[in-house]
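Undergrad: This is the content of my_file_0.txt (compact mmCIF, C-alpha atoms and all ligand atoms):
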```
# COMPACT_ATOMS: atom_id res chain seq x y z
CA MET A 203 -24.38 -4.79 -10.15
CA SER A 204 -22.91 -4.16 -6.77
CA LEU A 205 -19.47 -4.53 -5.31
CA VAL A 206 -18.25 -8.06 -4.72
CA ILE A 207 -15.02 -8.64 -2.76
CA PHE A 208 -12.97 -11.65 -1.81
CA ASN A 209 -13.10 -12.20 1.95
CA THR A 210 -10.12 -14.05 3.40
CA LEU A 211 -12.30 -15.16 6.34
CA THR A 212 -14.56 -17.24 4.11
CA ARG A 213 -12.19 -17.68 1.13
CA LYS A 214 -15.09 -16.58 -1.06
CA LYS A 215 -16.19 -13.62 -3.10
CA GLU A 216 -19.02 -11.95 -1.22
CA GLU A 217 -21.35 -9.08 -1.91
CA PHE A 218 -20.15 -6.07 0.03
CA LYS A 219 -22.74 -5.03 2.61
CA PRO A 220 -21.42 -2.47 5.10
CA LEU A 221 -22.53 -2.63 8.74
CA ASN A 222 -23.98 0.89 8.65
CA GLY A 223 -25.66 1.91 5.42
CA LYS A 224 -23.34 3.95 3.25
CA SER A 225 -20.62 4.38 5.89
CA VAL A 226 -17.53 2.21 5.60
CA SER A 227 -14.93 1.74 8.31
CA LEU A 228 -11.60 0.73 6.81
CA TYR A 229 -8.40 -0.18 8.63
CA THR A 230 -5.07 -0.76 6.89
CA CYS A 231 -2.00 -2.22 8.53
CA GLY A 232 0.61 0.44 7.93
CA PRO A 233 4.39 0.57 8.07
CA THR A 234 6.74 -0.26 10.91
CA VAL A 235 8.67 2.97 10.90
CA TYR A 236 12.33 2.08 11.35
CA ASN A 237 13.38 2.27 7.68
CA TYR A 238 11.93 2.93 4.23
CA PRO A 239 9.11 0.66 3.06
CA GLN A 240 10.06 -1.65 0.20
CA ILE A 241 8.00 -1.69 -2.97
CA GLY A 242 6.07 -4.79 -1.80
CA ASN A 243 4.75 -2.71 1.11
CA TRP A 244 3.77 -0.01 -1.36
CA ARG A 245 1.79 -2.61 -3.26
CA ALA A 246 -0.29 -3.11 -0.10
CA TYR A 247 -0.84 0.63 0.40
CA ILE A 248 -1.68 1.23 -3.26
CA PHE A 249 -4.14 -1.68 -3.16
CA ALA A 250 -5.80 -0.11 -0.09
CA ASP A 251 -5.86 3.22 -1.93
CA LEU A 252 -7.51 1.67 -4.99
CA LEU A 253 -10.12 0.08 -2.73
CA LYS A 254 -10.76 3.31 -0.86
CA ARG A 255 -10.93 5.38 -4.04
CA TYR A 256 -13.39 2.93 -5.56
CA LEU A 257 -15.61 2.88 -2.45
CA THR A 258 -15.65 6.68 -2.49
CA TYR A 259 -16.37 6.63 -6.24
CA SER A 260 -19.29 4.27 -5.47
CA HIS A 261 -20.73 6.89 -3.07
CA TYR A 262 -19.70 5.30 0.20
CA ASN A 263 -18.48 7.47 3.06
CA VAL A 264 -15.17 5.95 3.98
CA LYS A 265 -13.38 6.49 7.27
CA HIS A 266 -9.88 5.18 6.82
CA VAL A 267 -7.41 4.51 9.61
CA MET A 268 -3.83 3.44 9.07
CA ASN A 269 -1.53 2.55 11.92
CA LEU A 270 2.08 3.57 12.18
CA THR A 271 3.86 0.95 14.26
CA ASP A 272 6.36 3.05 16.18
CA VAL A 273 7.26 0.54 18.89
CA GLU A 274 8.11 -3.07 18.05
CA ASP A 275 11.03 -5.56 18.23
CA LYS A 276 12.86 -4.35 15.11
CA ILE A 277 12.50 -0.69 16.04
CA ILE A 278 13.99 -1.30 19.47
CA ARG A 279 16.92 -3.13 17.91
CA GLU A 280 17.50 -0.18 15.57
CA VAL A 281 17.20 2.39 18.39
CA ALA A 282 19.96 0.57 20.29
CA LEU A 283 22.07 0.22 17.15
CA GLN A 284 21.86 3.86 16.11
CA GLY A 285 21.96 5.35 19.61
CA LYS A 286 18.92 7.53 18.83
CA SER A 287 15.75 8.02 20.81
CA LEU A 288 12.64 6.14 19.71
CA GLN A 289 10.94 9.42 18.69
CA GLU A 290 13.94 10.61 16.71
CA LEU A 291 14.15 7.39 14.73
CA THR A 292 10.45 6.85 14.08
CA GLY A 293 9.65 10.56 13.57
CA PHE A 294 12.12 10.71 10.70
CA TYR A 295 10.72 7.66 8.92
CA ILE A 296 7.13 8.76 9.42
CA GLU A 297 7.88 12.03 7.60
CA GLU A 298 9.64 10.12 4.81
CA PHE A 299 6.66 7.77 4.56
CA PHE A 300 4.28 10.71 4.10
CA LYS A 301 6.49 12.20 1.39
CA ASP A 302 6.56 8.92 -0.55
CA ARG A 303 2.81 8.51 -0.08
CA ASP A 304 2.27 11.91 -1.73
CA THR A 305 4.69 11.08 -4.54
CA LEU A 306 2.57 8.00 -5.28
CA ASN A 307 -0.60 10.10 -5.17
CA ILE A 308 -2.13 7.99 -2.38
CA VAL A 309 -5.08 9.68 -0.66
CA PRO A 310 -4.06 10.30 2.98
CA ALA A 311 -5.91 8.26 5.60
CA ASP A 312 -8.30 10.15 7.87
CA ILE A 313 -6.26 9.07 10.86
CA TYR A 314 -2.66 7.91 11.13
CA ALA A 315 -2.61 6.12 14.46
CA ARG A 316 0.80 6.00 16.12
CA ALA A 317 1.00 3.03 18.47
CA THR A 318 2.77 4.99 21.21
CA ASP A 319 -0.24 7.35 21.43
CA TYR A 320 -2.54 4.44 22.33
CA ILE A 321 -0.73 2.71 25.19
CA ASP A 322 -3.67 3.35 27.57
CA ALA A 323 -6.13 1.73 25.16
CA MET A 324 -3.82 -1.29 24.82
CA VAL A 325 -3.45 -1.62 28.59
CA SER A 326 -7.20 -1.61 29.16
CA LEU A 327 -7.73 -4.13 26.38
CA ILE A 328 -5.14 -6.48 27.93
CA LYS A 329 -6.75 -6.05 31.36
CA LYS A 330 -10.09 -7.01 29.86
CA LEU A 331 -8.55 -10.17 28.38
CA MET A 332 -7.05 -11.06 31.76
CA ASP A 333 -10.39 -10.47 33.48
CA ASN A 334 -12.12 -12.68 30.91
CA GLY A 335 -9.57 -15.44 31.48
CA TYR A 336 -7.97 -15.29 28.03
CA ALA A 337 -4.61 -13.90 29.14
CA TYR A 338 -2.13 -14.72 31.87
CA LYS A 339 1.03 -13.31 33.37
CA SER A 340 4.21 -15.35 33.08
CA ILE A 341 7.01 -15.51 35.59
CA ASP A 342 9.02 -12.71 33.93
CA GLY A 343 6.04 -10.34 34.08
CA SER A 344 5.10 -10.58 30.42
CA ILE A 345 1.45 -11.20 29.60
CA TYR A 346 0.40 -13.81 27.06
CA PHE A 347 -2.76 -14.66 25.19
CA ASP A 348 -3.84 -18.27 25.78
CA ILE A 349 -4.70 -19.51 22.31
CA HIS A 350 -6.34 -22.69 23.68
CA LYS A 351 -9.01 -20.63 25.39
CA ASP A 352 -10.13 -19.24 22.05
CA LYS A 353 -12.22 -21.90 20.32
CA GLU A 354 -12.09 -19.99 17.04
CA TYR A 355 -8.33 -19.45 16.92
CA GLY A 356 -7.12 -20.20 13.39
CA LYS A 357 -10.30 -19.16 11.61
CA LEU A 358 -8.58 -16.62 9.35
CA SER A 359 -5.56 -18.69 8.38
CA HIS A 360 -7.73 -21.82 8.27
CA PHE A 361 -5.91 -24.23 10.47
CA LYS A 362 -6.92 -26.29 13.48
CA LEU A 363 -5.30 -25.90 16.86
CA GLU A 364 -5.29 -29.67 17.41
CA ASP A 365 -2.77 -30.00 14.60
CA LEU A 366 -0.38 -27.72 16.41
CA LYS A 367 -0.36 -29.32 19.82
CA GLU A 368 3.36 -29.68 20.28
CA ASN A 369 4.34 -26.14 19.47
CA ALA A 370 1.36 -24.64 21.15
CA LEU A 371 2.58 -25.77 24.55
CA ASN A 372 5.19 -23.05 24.41
CA ARG A 373 5.07 -19.30 24.38
CA MET A 374 6.12 -16.82 21.75
CA LYS A 375 7.56 -13.47 22.69
CA LYS A 376 8.69 -12.53 19.19
CA ASP A 377 6.30 -10.41 17.12
CA GLU A 378 6.71 -12.41 13.92
CA TYR A 379 6.68 -16.18 13.45
CA GLU A 380 5.38 -18.84 11.09
CA LYS A 381 2.11 -20.74 11.19
CA ASP A 382 3.66 -24.03 12.25
CA ASN A 383 4.94 -22.16 15.26
CA ALA A 384 1.60 -21.03 16.64
CA GLN A 385 1.96 -20.49 20.37
CA ASP A 386 0.62 -18.30 23.11
CA PHE A 387 1.74 -14.85 22.02
CA ALA A 388 2.83 -11.81 23.98
CA LEU A 389 0.32 -9.03 24.60
CA TRP A 390 2.61 -7.18 26.98
CA LYS A 391 6.38 -7.62 27.11
CA ALA A 392 8.04 -7.05 30.44
CA TRP A 393 11.05 -4.74 30.27
CA THR A 394 14.45 -6.29 29.67
CA LYS A 395 17.90 -4.70 29.45
CA GLU A 396 17.79 -4.72 25.63
CA ASP A 397 14.74 -2.44 25.67
CA GLY A 398 16.84 0.41 27.11
CA ASP A 399 14.74 3.56 27.45
CA VAL A 400 11.77 2.10 25.62
CA PHE A 401 9.19 1.22 28.26
CA TRP A 402 6.00 2.41 29.92
CA GLU A 403 5.18 2.14 33.62
CA THR A 404 1.60 0.87 33.65
CA GLU A 405 -0.79 -1.17 35.78
CA LEU A 406 0.52 -4.19 33.89
CA GLY A 407 4.06 -3.46 35.01
CA LYS A 408 7.06 -1.88 33.34
CA GLY A 409 7.22 -2.87 29.68
CA ARG A 410 5.83 -2.36 26.22
CA PRO A 411 2.99 -3.73 24.10
CA GLY A 412 3.30 -6.62 21.65
CA TRP A 413 2.79 -5.76 17.99
CA HIS A 414 -0.56 -7.50 17.50
CA ILE A 415 -2.39 -5.77 20.34
CA GLU A 416 -1.48 -2.39 18.85
CA CYS A 417 -3.72 -2.79 15.81
CA SER A 418 -6.65 -4.24 17.82
CA ALA A 419 -6.58 -1.33 20.26
CA MET A 420 -6.23 1.37 17.60
CA SER A 421 -8.85 -0.10 15.26
CA MET A 422 -11.40 -0.36 18.08
CA LYS A 423 -10.62 3.06 19.52
CA GLU A 424 -10.93 4.91 16.20
CA LEU A 425 -13.49 2.84 14.30
CA GLY A 426 -15.47 0.92 16.93
CA GLU A 427 -15.50 -2.70 18.11
CA SER A 428 -16.74 -4.04 14.78
CA ILE A 429 -15.54 -2.67 11.47
CA ASP A 430 -16.24 -3.32 7.80
CA ILE A 431 -12.90 -3.93 6.11
CA HIS A 432 -9.36 -4.62 7.29
CA THR A 433 -6.61 -4.76 4.66
CA GLY A 434 -3.01 -5.86 4.56
CA GLY A 435 -0.57 -8.04 2.65
CA VAL A 436 -0.94 -11.85 2.70
CA ASP A 437 2.05 -12.03 5.04
CA ASN A 438 -0.14 -10.30 7.64
CA ILE A 439 -2.66 -13.17 7.71
CA PHE A 440 -0.61 -15.17 10.17
CA PRO A 441 0.20 -14.43 12.89
CA HIS A 442 -0.73 -10.75 12.87
CA HIS A 443 -4.36 -10.73 11.76
CA GLU A 444 -5.16 -14.10 13.31
CA ASN A 445 -3.99 -12.68 16.64
CA GLU A 446 -5.82 -9.39 16.13
CA ILE A 447 -9.09 -11.31 15.69
CA ALA A 448 -8.44 -13.49 18.74
CA GLN A 449 -7.64 -10.58 21.06
CA SER A 450 -10.45 -8.37 19.86
CA GLU A 451 -13.24 -10.91 19.75
CA CYS A 452 -12.33 -12.48 23.08
CA ALA A 453 -12.31 -9.04 24.68
CA THR A 454 -15.61 -7.78 23.26
CA GLY A 455 -17.54 -10.93 22.38
CA LYS A 456 -18.35 -9.26 19.06
CA MET A 457 -17.22 -9.74 15.49
CA PHE A 458 -14.03 -7.71 14.95
CA VAL A 459 -13.95 -7.40 11.16
CA LYS A 460 -16.58 -8.31 8.57
CA TYR A 461 -14.26 -8.48 5.53
CA PHE A 462 -10.54 -9.16 5.55
CA MET A 463 -8.85 -8.31 2.25
CA HIS A 464 -5.25 -9.25 1.48
CA ASN A 465 -3.02 -8.48 -1.46
CA GLU A 466 -0.51 -11.01 -2.76
CA HIS A 467 3.27 -10.71 -2.69
CA LEU A 468 5.35 -8.68 -5.04
CA MET A 469 8.31 -10.73 -6.21
CA VAL A 470 11.43 -9.19 -7.68
CA ASN A 471 13.11 -10.99 -10.58
CA GLY A 472 11.16 -14.10 -9.65
CA GLU A 473 12.27 -14.19 -6.03
CA LYS A 474 11.03 -12.95 -2.71
CA MET A 475 12.52 -9.55 -2.02
CA SER A 476 15.30 -9.53 0.54
CA LYS A 477 18.32 -7.41 1.29
CA SER A 478 20.59 -10.45 1.23
CA ALA A 479 19.41 -11.49 -2.26
CA GLY A 480 20.25 -8.01 -3.53
CA ASN A 481 16.78 -7.54 -4.99
CA PHE A 482 15.46 -5.08 -2.42
CA TYR A 483 13.89 -1.88 -3.77
CA THR A 484 12.48 1.18 -2.07
CA LEU A 485 10.59 3.92 -3.88
CA GLU A 486 13.76 6.00 -3.82
CA ASP A 487 15.61 3.20 -5.64
CA LEU A 488 13.00 3.27 -8.40
CA ILE A 489 13.29 7.04 -8.75
CA ASN A 490 17.08 6.73 -8.93
CA LYS A 491 16.57 4.31 -11.80
CA ASN A 492 14.48 6.96 -13.58
CA ILE A 493 11.22 5.14 -12.95
CA ASN A 494 8.25 7.44 -12.62
CA PRO A 495 6.44 6.46 -9.37
CA ILE A 496 3.05 6.87 -11.04
CA ALA A 497 4.15 4.49 -13.81
CA PHE A 498 4.96 2.00 -11.03
CA ARG A 499 1.42 2.54 -9.77
CA MET A 500 0.07 1.87 -13.25
CA TRP A 501 2.22 -1.23 -13.57
CA LEU A 502 0.73 -2.62 -10.33
CA TYR A 503 -2.74 -2.35 -11.86
CA THR A 504 -1.74 -4.65 -14.69
CA SER A 505 -2.02 -7.56 -12.20
CA HIS A 506 -5.01 -8.29 -10.02
CA TYR A 507 -4.24 -7.58 -6.35
CA ARG A 508 -4.74 -11.24 -5.44
CA THR A 509 -2.16 -12.57 -7.89
CA LYS A 510 1.55 -12.71 -7.23
CA THR A 511 3.31 -10.26 -9.43
CA ASN A 512 6.90 -10.23 -10.59
CA PHE A 513 8.70 -6.92 -10.66
CA THR A 514 11.44 -6.47 -13.23
CA LEU A 515 12.93 -3.17 -14.32
CA GLU A 516 12.15 -4.02 -17.96
CA ALA A 517 8.47 -4.58 -17.19
CA VAL A 518 8.11 -1.26 -15.41
CA GLU A 519 10.08 0.52 -18.11
CA GLY A 520 7.49 -0.80 -20.57
CA THR A 521 4.75 0.77 -18.46
CA MET A 522 6.76 4.00 -18.40
CA SER A 523 6.26 4.44 -22.13
CA ALA A 524 2.60 3.44 -21.81
CA PHE A 525 2.13 6.06 -19.11
CA LYS A 526 3.81 8.65 -21.30
CA ARG A 527 1.45 7.75 -24.17
CA LEU A 528 -1.49 8.20 -21.81
CA LYS A 529 -0.28 11.62 -20.69
CA ASP A 530 0.34 12.77 -24.27
CA ALA A 531 -3.05 11.51 -25.40
CA TYR A 532 -4.75 13.21 -22.46
CA LEU A 533 -3.01 16.54 -23.05
CA ALA A 534 -3.91 16.45 -26.74
CA LEU A 535 -7.63 16.43 -25.83
CA GLY A 536 -7.71 20.18 -25.26
CA GLU A 537 -9.07 22.34 -22.47
CA GLU A 538 -12.76 21.60 -22.63
CA VAL A 539 -14.31 18.96 -20.35
CA GLY A 540 -17.56 17.46 -21.68
CA SER A 541 -19.68 14.73 -20.14
CA VAL A 542 -18.78 11.23 -19.00
CA ASP A 543 -19.57 8.50 -21.52
CA LYS A 544 -22.11 6.25 -19.80
CA LYS A 545 -21.32 3.14 -21.80
CA TYR A 546 -17.70 3.23 -20.75
CA GLN A 547 -18.58 4.14 -17.19
CA THR A 548 -20.91 1.15 -16.87
CA LYS A 549 -18.19 -1.20 -18.07
CA PHE A 550 -15.70 0.42 -15.74
CA THR A 551 -17.84 -0.16 -12.64
CA GLU A 552 -18.69 -3.65 -13.83
CA TYR A 553 -14.99 -4.57 -13.81
CA LEU A 554 -14.17 -2.92 -10.51
CA ASP A 555 -17.30 -4.27 -8.83
CA ASN A 556 -15.84 -7.69 -9.52
CA ASP A 557 -13.29 -7.70 -6.68
CA LEU A 558 -11.41 -4.71 -8.15
CA ASP A 559 -10.42 -6.14 -11.49
CA SER A 560 -7.84 -3.47 -12.24
CA PRO A 561 -6.27 -5.21 -15.29
CA LYS A 562 -9.62 -5.10 -17.11
CA ALA A 563 -10.34 -1.55 -15.97
CA LEU A 564 -6.95 -0.46 -17.26
CA ALA A 565 -7.48 -2.19 -20.61
CA LEU A 566 -10.79 -0.34 -20.85
CA LEU A 567 -8.99 2.95 -20.32
CA TRP A 568 -6.84 2.17 -23.38
CA ASP A 569 -9.93 1.27 -25.43
CA LEU A 570 -11.33 4.65 -24.48
CA VAL A 571 -8.15 6.50 -25.37
CA LYS A 572 -8.15 4.90 -28.82
CA ASP A 573 -11.90 5.19 -29.46
CA LYS A 574 -12.42 7.52 -32.43
CA ASP A 575 -16.20 7.68 -31.93
CA ILE A 576 -15.95 9.64 -28.68
CA ILE A 577 -15.41 13.38 -29.08
CA ASP A 578 -12.41 14.88 -27.33
CA LYS A 579 -14.17 16.77 -24.57
CA ASP A 580 -16.27 13.72 -23.57
CA LYS A 581 -13.22 11.52 -23.73
CA LYS A 582 -11.45 13.91 -21.41
CA ALA A 583 -14.37 13.87 -18.95
CA THR A 584 -14.46 10.06 -18.96
CA ILE A 585 -10.70 9.70 -18.48
CA LEU A 586 -10.85 12.12 -15.55
CA ASP A 587 -13.75 10.16 -14.11
CA PHE A 588 -11.77 6.89 -14.27
CA ASP A 589 -8.76 8.63 -12.81
CA LYS A 590 -10.65 9.32 -9.58
CA VAL A 591 -10.16 5.58 -9.04
CA PHE A 592 -6.80 4.99 -10.74
CA GLY A 593 -5.17 7.96 -9.06
CA PHE A 594 -2.69 8.83 -11.82
CA GLY A 595 -3.19 12.51 -11.03
CA LEU A 596 -4.10 13.46 -14.61
CA ASP A 597 -6.19 16.39 -13.35
CA LYS A 598 -2.99 18.03 -12.11
CA LEU A 599 -1.20 17.47 -15.39
CA GLN A 600 -0.39 20.51 -17.48
CA GLU A 601 1.50 21.13 -20.63
CA GLU A 602 4.98 21.79 -19.30
CA GLU A 603 7.16 24.42 -20.83
CA THR A 604 10.38 23.11 -22.27
CA PRO A 605 13.36 24.63 -20.42
CA ASN A 606 15.50 27.16 -22.31
CA GLU A 607 18.55 24.94 -22.06
CA ILE A 608 16.80 22.21 -24.04
CA LEU A 609 15.47 24.68 -26.63
CA HIS A 610 18.97 26.06 -27.06
CA LEU A 611 20.47 22.58 -27.58
CA SER A 612 17.74 21.80 -30.08
CA GLU A 613 18.55 24.96 -32.06
CA GLU A 614 22.22 24.07 -32.10
CA ARG A 615 21.30 20.63 -33.34
CA GLU A 616 19.23 22.11 -36.19
CA ILE A 617 22.24 24.15 -37.26
CA ALA A 618 24.45 21.05 -37.13
CA ARG A 619 21.89 19.16 -39.23
CA LYS A 620 21.73 21.94 -41.82
CA ASN A 621 25.51 21.77 -42.07
CA LYS A 622 25.22 17.97 -42.40
CA ASN A 623 27.40 17.59 -39.30
CA TRP A 624 25.73 14.33 -38.26
CA LYS A 625 28.22 13.50 -35.58
CA LYS A 626 27.56 16.74 -33.73
CA SER A 627 23.83 16.41 -34.28
CA ASP A 628 23.89 12.93 -32.69
CA GLU A 629 25.94 14.18 -29.77
CA LEU A 630 23.45 16.96 -29.13
CA ARG A 631 20.58 14.49 -29.27
CA ASP A 632 22.33 12.33 -26.65
CA GLN A 633 22.83 15.39 -24.50
CA ILE A 634 19.14 16.26 -24.75
CA ASN A 635 18.22 12.68 -23.84
CA SER A 636 20.50 12.71 -20.84
CA LEU A 637 18.62 15.78 -19.57
CA GLY A 638 15.35 13.83 -19.68
CA TYR A 639 13.95 15.06 -23.02
CA GLU A 640 13.56 13.46 -26.39
CA ILE A 641 13.55 15.01 -29.79
CA LYS A 642 11.66 13.82 -32.87
CA ASP A 643 12.25 15.20 -36.35
CA THR A 644 8.95 15.86 -38.08
CA GLU A 645 7.84 17.68 -41.25
CA ASN A 646 7.21 20.74 -39.09
CA GLY A 647 10.64 20.67 -37.56
CA PRO A 648 11.91 19.13 -34.31
CA GLN A 649 9.37 18.16 -31.65
CA ILE A 650 10.56 18.06 -28.07
CA SER A 651 8.91 16.08 -25.31
CA LYS A 652 9.74 14.78 -21.85
CA LEU A 653 11.08 11.26 -21.69
ZN ZN B 1 -1.73 -4.38 11.94
```
Turn this file's structure into structure tokens for me.
Ligand SMILES: [Zn+2]
TA:
Amino acid sequence: MSLVIFNTLTRKKEEFKPLNGKSVSLYTCGPTVYNYPQIGNWRAYIFADLLKRYLTYSHYNVKHVMNLTDVEDKIIREVALQGKSLQELTGFYIEEFFKDRDTLNIVPADIYARATDYIDAMVSLIKKLMDNGYAYKSIDGSIYFDIHKDKEYGKLSHFKLEDLKENALNRMKKDEYEKDNAQDFALWKAWTKEDGDVFWETELGKGRPGWHIECSAMSMKELGESIDIHTGGVDNIFPHHENEIAQSECATGKMFVKYFMHNEHLMVNGEKMSKSAGNFYTLEDLINKNINPIAFRMWLYTSHYRTKTNFTLEAVEGTMSAFKRLKDAYLALGEEVGSVDKKYQTKFTEYLDNDLDSPKALALLWDLVKDKDIIDKDKKATILDFDKVFGFGLDKLQEEETPNEILHLSEEREIARKNKNWKKSDELRDQINSLGYEIKDTENGPQISKL
């Protein structure tokens, strides 16, 4: 078996054949750094991480680039609103993004490309498009891509330009818009008063790049004109990725990306996440609700990346106890690491080779945990092998010592129980729970574990 992935370009599952042997160039559309990513964005980054981990597991050499959009319409609005400099605002959120990435045990990209470091590359790409007749300057000095010049425009989102005639007579300066609003889009935005201090003096005039050109320029600069895989959420398909393809292919005459992979939306309580609907969660919000970030990661695997998934606190709380069971079972396997069970490993790769079927791979992990025919040390080796792909960080897990405060409360509770003071004993149990521990009464006395 070999890896098969769903390619948004063809709307088909295809055998994965990299452009250069065992090397894989991978580009992921990263965050726009003017606030904290919401958990739907994290779904996209965890999906990219699963893909990257599995490619590495399958002996590919992956070079992974993620962009950090640090100049864009929303950022400029926020800079004006908060009275901060662009660097101050974006620098803060970039650091926060890295912290959250580590909390979720996401393997860092090889390169984090900040858009503002690539202005020169964007300018030369836009000049190339103007030279080739695909871009033009408007009266206000902004430069637009002429979508009618690109015969293949629409090939990713699968629509025909003819159907869009009316709208397409206009121009679009905004970075984000809907498919029925396809228009010539801005590559370079001439400076206006609202931009304040955010501008570059370049051969194209005083202004700033459009969002779409950023990713084309950075992907080509770091990974070459043609790359293997580009990932993002389905909301990136139009206009962002459609425009990336148009700009890049019209500038180079070469294929930009061989495989586009997109993850579906994460809904919250059955609705699209939005601040106004009050169902907007960041990673911090989950942590404040006592949700273990790695349990959130595990919960994401229970749905295939191409299916819409519905986040509810109850569902993730259910995964919390599953994750705890996994940790306990793993720790009970002892110190020794044996050899990986081949039968399980074959099944594991079979599932993941099929367009990253994480729900099946996860179910297999549970079969393995429960399998009485596999000796502990081999079970441990196989779980650790799977975890290279899952990324639960089990290798870093150690038996934690119970803090003295908890031990002390537990002793007090034993005394209360001996004296048949059930009220006090219950109170002490509640207190232990509120400190994040749970206590079970067994034949050998109380057993304490982390909640
Ligand atoms: Zn992008």
Undergrad: Looking at A:Val436, A:Leu596, A:Val325, A:Leu564, which one is nearest to Asn465 of chain A, with distances taken over only C-alpha atoms?
TA: A:Val436
Undergrad: Within 9 Å of ligand ZN 1 (chain B) (counting only C-alpha atoms and all ligand atoms), which residues show up? I'd like them as a PyMOL selection string.
TA: chain A and resi 229-233+268-271+413-418+421+432-434+438+442-443+446
Undergrad: For segment 448-463 of chain A, work out the shell of residues within 8 Å, counting only C-alpha atoms and skipping chain neighbours fewer than 2 positions away, then give it as number ranges by chain.
TA: A: 207-211, 327, 330-331, 334, 336, 347, 349, 352, 354-355, 415, 418, 427-434, 444-446, 465
Undergrad: At most 10 Å from (-4.5, 11.2, -21.4), file frame, all atoms listed in the file: which residues, as a ChimeraX atom specification?
TA: /A:525-535,567-568,570-571,581-582,585-586,589,596-597,599
Undergrad: Ranking A:Asn556, A:Asn383, A:Lys224, A:Ile241 by minimum distance to Lys474 of chain A and counting only C-alpha atoms, which one comes first?
TA: A:Ile241
Undergrad: Pick out the residues sitting within 9 Å of Gly343 of chain A, and hand them over as a PDB file with C-alpha atoms, in the coordinates of the input; count all atoms listed in the file, and ignore anything fewer than 4 positions along from it in its own chain.
TA:
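result-v5.pdb written:
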```pdb
ATOM      1  CA  LYS A 339       1.030 -13.310  33.370  1.00  0.00           C
ATOM      2  CA  TRP A 390       2.610  -7.180  26.980  1.00  0.00           C
ATOM      3  CA  LYS A 391       6.380  -7.620  27.110  1.00  0.00           C
ATOM      4  CA  ALA A 392       8.040  -7.050  30.440  1.00  0.00           C
ATOM      5  CA  TRP A 393      11.050  -4.740  30.270  1.00  0.00           C
ATOM      6  CA  LEU A 406       0.520  -4.190  33.890  1.00  0.00           C
ATOM      7  CA  GLY A 407       4.060  -3.460  35.010  1.00  0.00           C
ATOM      8  CA  LYS A 408       7.060  -1.880  33.340  1.00  0.00           C
ATOM      9  CA  GLY A 409       7.220  -2.870  29.680  1.00  0.00           C
TER      10      GLY A 409
END
```
Undergrad: If you count all atoms listed in the file, which residues fall within 12 Å of Ile577 of chain A, apart from same-chain ones fewer than 6 positions away, as a list in words?
TA: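 Answer for this query is Leu535, Gly536, Glu538, Val539, Gly540, Ser541, Val542, Asp543, Leu570, Val571, Ala583 and Thr584 of chain A.
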Undergrad: Keeping only C-alpha atoms, write the selected residues to a file as a compact mmCIF listing (two decimals), in the coordinates of the input.
TA:
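The resulting file, result-v8.txt, is shown below:
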```txt
# COMPACT_ATOMS: atom_id res chain seq x y z
CA LEU A 535 -7.63 16.43 -25.83
CA GLY A 536 -7.71 20.18 -25.26
CA GLU A 538 -12.76 21.60 -22.63
CA VAL A 539 -14.31 18.96 -20.35
CA GLY A 540 -17.56 17.46 -21.68
CA SER A 541 -19.68 14.73 -20.14
CA VAL A 542 -18.78 11.23 -19.00
CA ASP A 543 -19.57 8.50 -21.52
CA LEU A 570 -11.33 4.65 -24.48
CA VAL A 571 -8.15 6.50 -25.37
CA ALA A 583 -14.37 13.87 -18.95
CA THR A 584 -14.46 10.06 -18.96
```
Undergrad: Report the distance between atom CA of Asp302 of chain A and atom CA of Pro561 of chain A in Å, rounded to one decimal place.
TA: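 Separating atom CA of Asp302 of chain A from atom CA of Pro561 of chain A is a distance of 24.1 Å.
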Undergrad: Around (15.9, -8.8, -6.0) in the file's frame, which residues reach within 6 Å when counting all atoms listed in the file? Return as a list in words?
TA: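 These residues have at least one counted atom within 6 Å: Val470, Asn471, Met475, Ala479, Gly480, Asn481 and Phe482 of chain A.
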Undergrad: To one decimal in Å, tell me the separation between atom CA of Phe299 of chain A and atom CA of Asp587 of chain A.
TA: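 Atom CA of Phe299 of chain A sits 27.8 Å away from atom CA of Asp587 of chain A.
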